[in-house]
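Visitor: I have a structure I would like to understand better, so I am pasting it below and will then ask my questions one at a time.
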Amino acid sequence: MREFIVEADGGSRGNPGPAGYGSVVIDAATGETLMEAAEYIGVATNNVAEYKGLVAGLKAAHQLDPAASVHVRMDSKLVVEQMSGRWKIKHPDMKPLAAEAARVFPASQVTYEWIPRAQNKHADRLANEAMDAGKRGLAWSPSASTAELDTRAARAAAAREPAGPPGDAAAGAARARAAMAGVSGSGASGTSGTSGASGTSGTSGAGETADRRAASGVASSATGSAAGSEAGGATRTPPVGWAAPADLGAPATFVLLRHGETALTPEKRFSGSGGTDPSLSEVGREQAERAAAAFAARGTIQAIVSSPLKRCQETARTVAARLGLDVHLEEGLRETDFGAWEGLTFGEVRERHPEELNAWLASPKAAPPGGESFAAVSRRVAATRDRLTAEYAGRTVLLVTHVTPIKTLVRLALGAPPESLFRMELAAASVSAVAYYRDGNASLRLLNDTSHLR
């Protein structure tokens, strides 16, 4: 049985407004474009145009082989969920279009998948060509279309050039998808669209407040890549982090050491930049000594950079004394300022500031009264990361910092959503590590290692 991929899109310049659709049928085995379809449909909504694109794509696939299995990929969540039977179809304009789409192939031969808009560029460009032609009073012509050539060129360019600073998982993942798909691979690629929605990631983190969410345990070490493949083509070139090409050179490696315990740590009190700036407790000083001994035994640390807060400076200087290195202070590594919540437990904050706490848990843009939002922390940490990766390119650097900066660095390296910060456990004096390559990829090497404390 042959297998086809149908990618479809539709757009409306006004919603409702002048509208058009585009569809492409791809051979799932080879990635070859088999058929394209596009049409200006007059004034319509985005959703109607998307449904018409789906119908046209299915009919084109049916014309090629009525017995084929078809995998539909669209960036319209509405169409995908409705055609998959998970959402009801209520709009009268879409019911007949959905019914028409369902009649083209038996339901057993068709599957549906939502993809981000950036991966639906071929169909999107066809839809825009159709709307442009309609604006000129013309019909879309396949002989005049440049959609496939434009999409291939964009995919090839993405494979050559990193799209962001070191450590941004979005840049690394885009390069990995392009490398794995190849110039003649799947038609899933791109950066723009006329309708639909794509997932976005924000910023978040957490200080010494593990009890505010039920955090799941995390293995003491992890290796891997920030890159994954969402394209339909066969694997060709592995991305950095799986098999790093020799010409990338040594990465800048950040060994991330959380400071040792303070008196506030075992009580799980908010302890950020705006509180009493506590020193290490006796337990914390012992933890710092154990960490220092472990780093001395490994012998890989070439520089030490620390948050300016006392608990980090004390931890860093304990390690520096064993390694014979200086400690450089970096303001960007300080903990979140928790404002009015400093020194309080999660339960106390819930009792005194319930509305503000709910808002803070729901959005990285919300800040404690008089404090700092996690979105702001993320911007600060990302800027610090970029500066330090440039300064310490090819070297291994110990960053002595706090829960929020460490989790933020890990989250950004993985391209994980904001809520992932509440699903990482970071013990006092734990060690994590992230490597940053020159092409924009990042690789998480270690997370929450406490073996040196046992």
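Residues are named by chain letter and number: chains run A, B, ... in the order of the structure tokens, numbers start at 1 in each chain, and ligands are numbered from 1 in the order shown.
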Against region 356-376 of chain A, which residues of region 237-343 of chain A fall within 8 Å? For each one I want the closest pair of atoms and the distance in Å (one decimal), counting only C-alpha atoms, rows by chain and increasing residue number, as a Markdown table.

Guide:
```
| residue | atom | partner | partner_atom | distance |
| --- | --- | --- | --- | --- |
| A:Gly274 | CA | A:Gly371 | CA | 7.7 |
| A:Thr336 | CA | A:Glu372 | CA | 6.2 |
| A:Asp337 | CA | A:Gly371 | CA | 5.1 |
| A:Phe338 | CA | A:Gly371 | CA | 4.8 |
| A:Gly339 | CA | A:Gly371 | CA | 3.8 |
| A:Ala340 | CA | A:Pro369 | CA | 5.6 |
| A:Trp341 | CA | A:Pro368 | CA | 6.9 |
```

Visitor: So which residues touch Phe254 (chain A) within 7 Å, counting only C-alpha atoms, skipping near sequence neighbours fewer than 2 positions away, as a PyMOL selection string?

Guide: chain A and resi 252+256+396-399+433-435

Visitor: List as a short mmCIF file (atom, residue, chain, number, x, y, z; two decimals) with N, CA and C atoms, in the first residue's frame the protein and nucleic acid residues near Glu3 (chain A), meaning an atom at most 7 Å away when only C-alpha atoms are counted, but skip any in the same chain fewer than 3 places from it.

Guide:
```
data_model
loop_
_atom_site.label_atom_id
_atom_site.label_comp_id
_atom_site.auth_asym_id
_atom_site.auth_seq_id
_atom_site.Cartn_x
_atom_site.Cartn_y
_atom_site.Cartn_z
N ASP A 27 5.06 11.92 -1.33
CA ASP A 27 5.32 10.50 -1.18
C ASP A 27 6.02 10.29 0.16
N ALA A 28 5.40 9.54 1.07
CA ALA A 28 5.95 9.37 2.41
C ALA A 28 7.28 8.65 2.40
N ALA A 68 -4.41 4.18 -1.24
CA ALA A 68 -3.28 4.61 -0.41
C ALA A 68 -3.72 4.96 1.00
N SER A 69 -2.77 4.86 1.94
CA SER A 69 -3.00 5.41 3.28
C SER A 69 -2.51 6.85 3.28
N VAL A 70 -3.23 7.71 3.96
CA VAL A 70 -2.94 9.15 3.91
C VAL A 70 -2.75 9.69 5.32
#
```

Visitor: As an mmCIF file with all heavy atoms, in the first residue's frame, please: all residues of region 307-356 of chain A that backbone DSSP puts in strand (DSSP E or B).

Guide:
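The file below, states.cif, is the result:
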```cif
data_model
loop_
_atom_site.group_PDB
_atom_site.id
_atom_site.type_symbol
_atom_site.label_atom_id
_atom_site.label_comp_id
_atom_site.auth_asym_id
_atom_site.auth_seq_id
_atom_site.Cartn_x
_atom_site.Cartn_y
_atom_site.Cartn_z
ATOM 1 N N VAL A 327 37.631 33.683 41.927
ATOM 2 C CA VAL A 327 36.182 33.689 41.774
ATOM 3 C C VAL A 327 35.767 35.008 41.135
ATOM 4 O O VAL A 327 36.080 36.079 41.656
ATOM 5 C CB VAL A 327 35.463 33.520 43.122
ATOM 6 C CG1 VAL A 327 33.946 33.653 42.934
ATOM 7 C CG2 VAL A 327 35.802 32.180 43.744
ATOM 8 N N HIS A 328 35.081 34.919 40.013
ATOM 9 C CA HIS A 328 34.573 36.109 39.329
ATOM 10 C C HIS A 328 33.072 36.227 39.614
ATOM 11 O O HIS A 328 32.334 35.261 39.436
ATOM 12 C CB HIS A 328 34.824 36.001 37.821
ATOM 13 C CG HIS A 328 36.262 35.803 37.467
ATOM 14 N ND1 HIS A 328 37.160 36.842 37.375
ATOM 15 C CD2 HIS A 328 36.969 34.669 37.203
ATOM 16 C CE1 HIS A 328 38.356 36.365 37.060
ATOM 17 N NE2 HIS A 328 38.264 35.052 36.952
ATOM 18 N N LEU A 329 32.641 37.378 40.053
ATOM 19 C CA LEU A 329 31.233 37.579 40.396
ATOM 20 C C LEU A 329 30.444 38.032 39.171
ATOM 21 O O LEU A 329 30.922 38.829 38.367
ATOM 22 C CB LEU A 329 31.099 38.603 41.518
ATOM 23 C CG LEU A 329 31.804 38.263 42.842
ATOM 24 C CD1 LEU A 329 31.499 39.324 43.895
ATOM 25 C CD2 LEU A 329 31.396 36.879 43.330
ATOM 26 N N THR A 345 7.265 30.712 54.003
ATOM 27 C CA THR A 345 7.057 29.399 53.401
ATOM 28 C C THR A 345 5.966 29.521 52.346
ATOM 29 O O THR A 345 5.237 30.521 52.279
ATOM 30 C CB THR A 345 6.616 28.362 54.439
ATOM 31 O OG1 THR A 345 5.328 28.739 54.946
ATOM 32 C CG2 THR A 345 7.616 28.263 55.582
#
```

Visitor: Nearest residue to Gly343 (chain A) out of A:Ala147, A:Ala130, A:Val110, A:Ala263, using only C-alpha atoms?

Guide: A:Ala263

Visitor: Neighbouring residues of region 39-55 of chain A were defined as those with any atom within 8 Å, considering only C-alpha atoms; residues of the same chain fewer than 6 positions away were excluded. Please report them as JSON, numbers by chain.

Guide: {"A": [7, 8, 9, 10, 11, 12, 14, 15, 16, 17, 18, 19, 20, 21, 22, 23, 76, 78, 79, 93, 94, 97, 98, 100, 101, 104, 127, 130, 131, 133, 134, 139, 140, 195]}

Visitor: Just to be explicit: take each residue in the selection above, keep N, CA and C atoms, and write the result as a tab-separated table (two decimals), in the first residue's frame.

Guide:
```tsv
chain	number	residue	atom	x	y	z
A	7	GLU	N	-0.29	17.81	3.12
A	7	GLU	CA	-0.17	19.04	3.91
A	7	GLU	C	-1.08	20.08	3.30
A	8	ALA	N	-1.90	20.70	4.13
A	8	ALA	CA	-2.89	21.65	3.62
A	8	ALA	C	-2.95	22.87	4.51
A	9	ASP	N	-3.31	23.99	3.91
A	9	ASP	CA	-3.45	25.23	4.66
A	9	ASP	C	-4.42	26.14	3.93
A	10	GLY	N	-4.92	27.10	4.64
A	10	GLY	CA	-5.81	28.09	4.04
A	10	GLY	C	-5.67	29.39	4.80
A	11	GLY	N	-5.97	30.48	4.14
A	11	GLY	CA	-5.85	31.77	4.81
A	11	GLY	C	-6.88	32.75	4.30
A	12	SER	N	-7.13	33.76	5.11
A	12	SER	CA	-8.08	34.81	4.75
A	12	SER	C	-7.49	36.15	5.15
A	14	GLY	N	-8.41	39.10	6.22
A	14	GLY	CA	-9.51	39.86	6.80
A	14	GLY	C	-10.35	39.03	7.73
A	15	ASN	N	-10.46	37.74	7.47
A	15	ASN	CA	-11.16	36.77	8.32
A	15	ASN	C	-12.53	37.24	8.83
A	16	PRO	N	-13.56	37.30	8.01
A	16	PRO	CA	-13.55	36.91	6.60
A	16	PRO	C	-12.96	38.00	5.70
A	17	GLY	N	-12.45	37.54	4.57
A	17	GLY	CA	-11.84	38.42	3.59
A	17	GLY	C	-11.41	37.60	2.40
A	18	PRO	N	-10.68	38.20	1.48
A	18	PRO	CA	-10.17	37.44	0.32
A	18	PRO	C	-9.39	36.23	0.81
A	19	ALA	N	-9.76	35.06	0.35
A	19	ALA	CA	-9.22	33.82	0.92
A	19	ALA	C	-8.75	32.86	-0.16
A	20	GLY	N	-7.87	31.95	0.25
A	20	GLY	CA	-7.38	30.93	-0.66
A	20	GLY	C	-6.83	29.76	0.12
A	21	TYR	N	-6.58	28.66	-0.58
A	21	TYR	CA	-6.02	27.48	0.08
A	21	TYR	C	-4.86	26.94	-0.73
A	22	GLY	N	-4.08	26.10	-0.08
A	22	GLY	CA	-3.00	25.39	-0.74
A	22	GLY	C	-2.88	23.99	-0.18
A	23	SER	N	-2.55	23.03	-1.04
A	23	SER	CA	-2.39	21.64	-0.62
A	23	SER	C	-1.23	21.03	-1.38
A	76	SER	N	-3.78	23.80	11.55
A	76	SER	CA	-5.08	24.19	12.11
A	76	SER	C	-5.50	23.17	13.17
A	78	LEU	N	-8.08	23.32	14.97
A	78	LEU	CA	-9.53	23.12	14.85
A	78	LEU	C	-9.84	22.00	13.85
A	79	VAL	N	-9.28	22.09	12.65
A	79	VAL	CA	-9.58	21.09	11.62
A	79	VAL	C	-9.08	19.71	12.04
A	93	ASP	N	-21.04	26.51	8.19
A	93	ASP	CA	-20.23	26.57	6.97
A	93	ASP	C	-19.22	25.43	6.89
A	94	MET	N	-18.85	24.87	8.04
A	94	MET	CA	-17.81	23.85	8.04
A	94	MET	C	-18.36	22.43	8.04
A	97	LEU	N	-18.26	20.87	4.56
A	97	LEU	CA	-16.89	20.70	4.12
A	97	LEU	C	-16.23	19.52	4.84
A	98	ALA	N	-16.50	19.39	6.13
A	98	ALA	CA	-15.96	18.26	6.89
A	98	ALA	C	-16.54	16.95	6.37
A	100	GLU	N	-17.61	16.40	3.35
A	100	GLU	CA	-17.01	16.14	2.05
A	100	GLU	C	-15.62	15.55	2.20
A	101	ALA	N	-14.85	16.08	3.12
A	101	ALA	CA	-13.50	15.56	3.37
A	101	ALA	C	-13.56	14.11	3.84
A	104	VAL	N	-13.92	11.31	1.01
A	104	VAL	CA	-12.92	11.08	-0.04
A	104	VAL	C	-12.25	9.71	0.13
A	127	ALA	N	-1.17	28.70	-0.68
A	127	ALA	CA	-2.37	29.47	-0.36
A	127	ALA	C	-2.16	30.95	-0.64
A	130	ALA	N	-2.24	31.65	-4.32
A	130	ALA	CA	-3.62	31.67	-4.81
A	130	ALA	C	-4.30	32.99	-4.49
A	131	MET	N	-4.09	33.50	-3.28
A	131	MET	CA	-4.70	34.78	-2.90
A	131	MET	C	-4.10	35.93	-3.70
A	133	ALA	N	-2.89	35.70	-6.74
A	133	ALA	CA	-3.44	35.59	-8.09
A	133	ALA	C	-4.87	36.11	-8.12
A	134	GLY	N	-5.67	35.75	-7.13
A	134	GLY	CA	-7.05	36.22	-7.07
A	134	GLY	C	-7.14	37.72	-6.98
A	139	ALA	N	-6.36	33.12	-12.07
A	139	ALA	CA	-6.41	31.82	-11.39
A	139	ALA	C	-4.98	31.37	-11.10
A	140	TRP	N	-4.81	30.66	-9.99
A	140	TRP	CA	-3.48	30.14	-9.65
A	140	TRP	C	-3.05	29.14	-10.71
A	195	SER	N	-2.58	31.05	8.79
A	195	SER	CA	-3.57	30.77	9.83
A	195	SER	C	-3.08	29.67	10.71
```

Visitor: Which residues come within 10 Å of Leu64 (chain A), counting only C-alpha atoms, excluding same-chain residues fewer than 6 positions away, as a list in words?

Guide: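 Counting only the stated atoms, we get Arg2, Phe4, Val25, Leu34, Met35 and Leu58 of chain A.
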
Visitor: Can you spit out the residues from that selection as a short mmCIF file (atom, residue, chain, number, x, y, z; two decimals), in the first residue's frame, using N, CA and C atoms?

Guide:
```cif
data_model
loop_
_atom_site.label_atom_id
_atom_site.label_comp_id
_atom_site.auth_asym_id
_atom_site.auth_seq_id
_atom_site.Cartn_x
_atom_site.Cartn_y
_atom_site.Cartn_z
N ARG A 2 0.61 2.18 -0.91
CA ARG A 2 1.36 3.43 -0.93
C ARG A 2 0.95 4.31 0.24
N PHE A 4 0.87 8.35 1.51
CA PHE A 4 0.99 9.75 1.13
C PHE A 4 0.94 10.62 2.39
N VAL A 25 0.66 17.02 -1.96
CA VAL A 25 0.70 15.58 -1.70
C VAL A 25 2.15 15.13 -1.83
N LEU A 34 4.36 15.13 -5.09
CA LEU A 34 3.65 14.46 -6.18
C LEU A 34 2.63 15.36 -6.85
N MET A 35 1.91 16.15 -6.06
CA MET A 35 0.89 17.04 -6.62
C MET A 35 0.76 18.27 -5.74
N LEU A 58 -6.94 15.93 -0.14
CA LEU A 58 -7.42 14.54 -0.12
C LEU A 58 -7.85 14.07 -1.50
#
```

Visitor: To one decimal place in Å, what is the distance between CA of Val6 (chain A) and CA of Met74 (chain A)?

Guide: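 If I compute the distance from CA of Val6 (chain A) to CA of Met74 (chain A), I get 8.4 Å.
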
Visitor: Find, counting only C-alpha atoms, the residue in A:Arg285, A:Lys77, A:His259, A:Arg350 that gets nearest to Pro308 (chain A).

Guide: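 Residue with the minimum atom-to-atom distance to Pro308 (chain A): A:His259.
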
Visitor: Near Leu409 (chain A), counting only C-alpha atoms, which residues have an atom at most 10 Å away, once you skip same-chain residues fewer than 5 positions from it, shown as a list of chain:residue names?

Guide: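 Everything that qualifies: A:Gly167, A:Asp168, A:Gly205, A:Phe254, A:Leu256, A:Ser378, A:Val381, A:Ala382, A:Arg385, A:Thr404, A:Leu414, A:Gly415, A:Ala433, A:Val434, A:Leu444.
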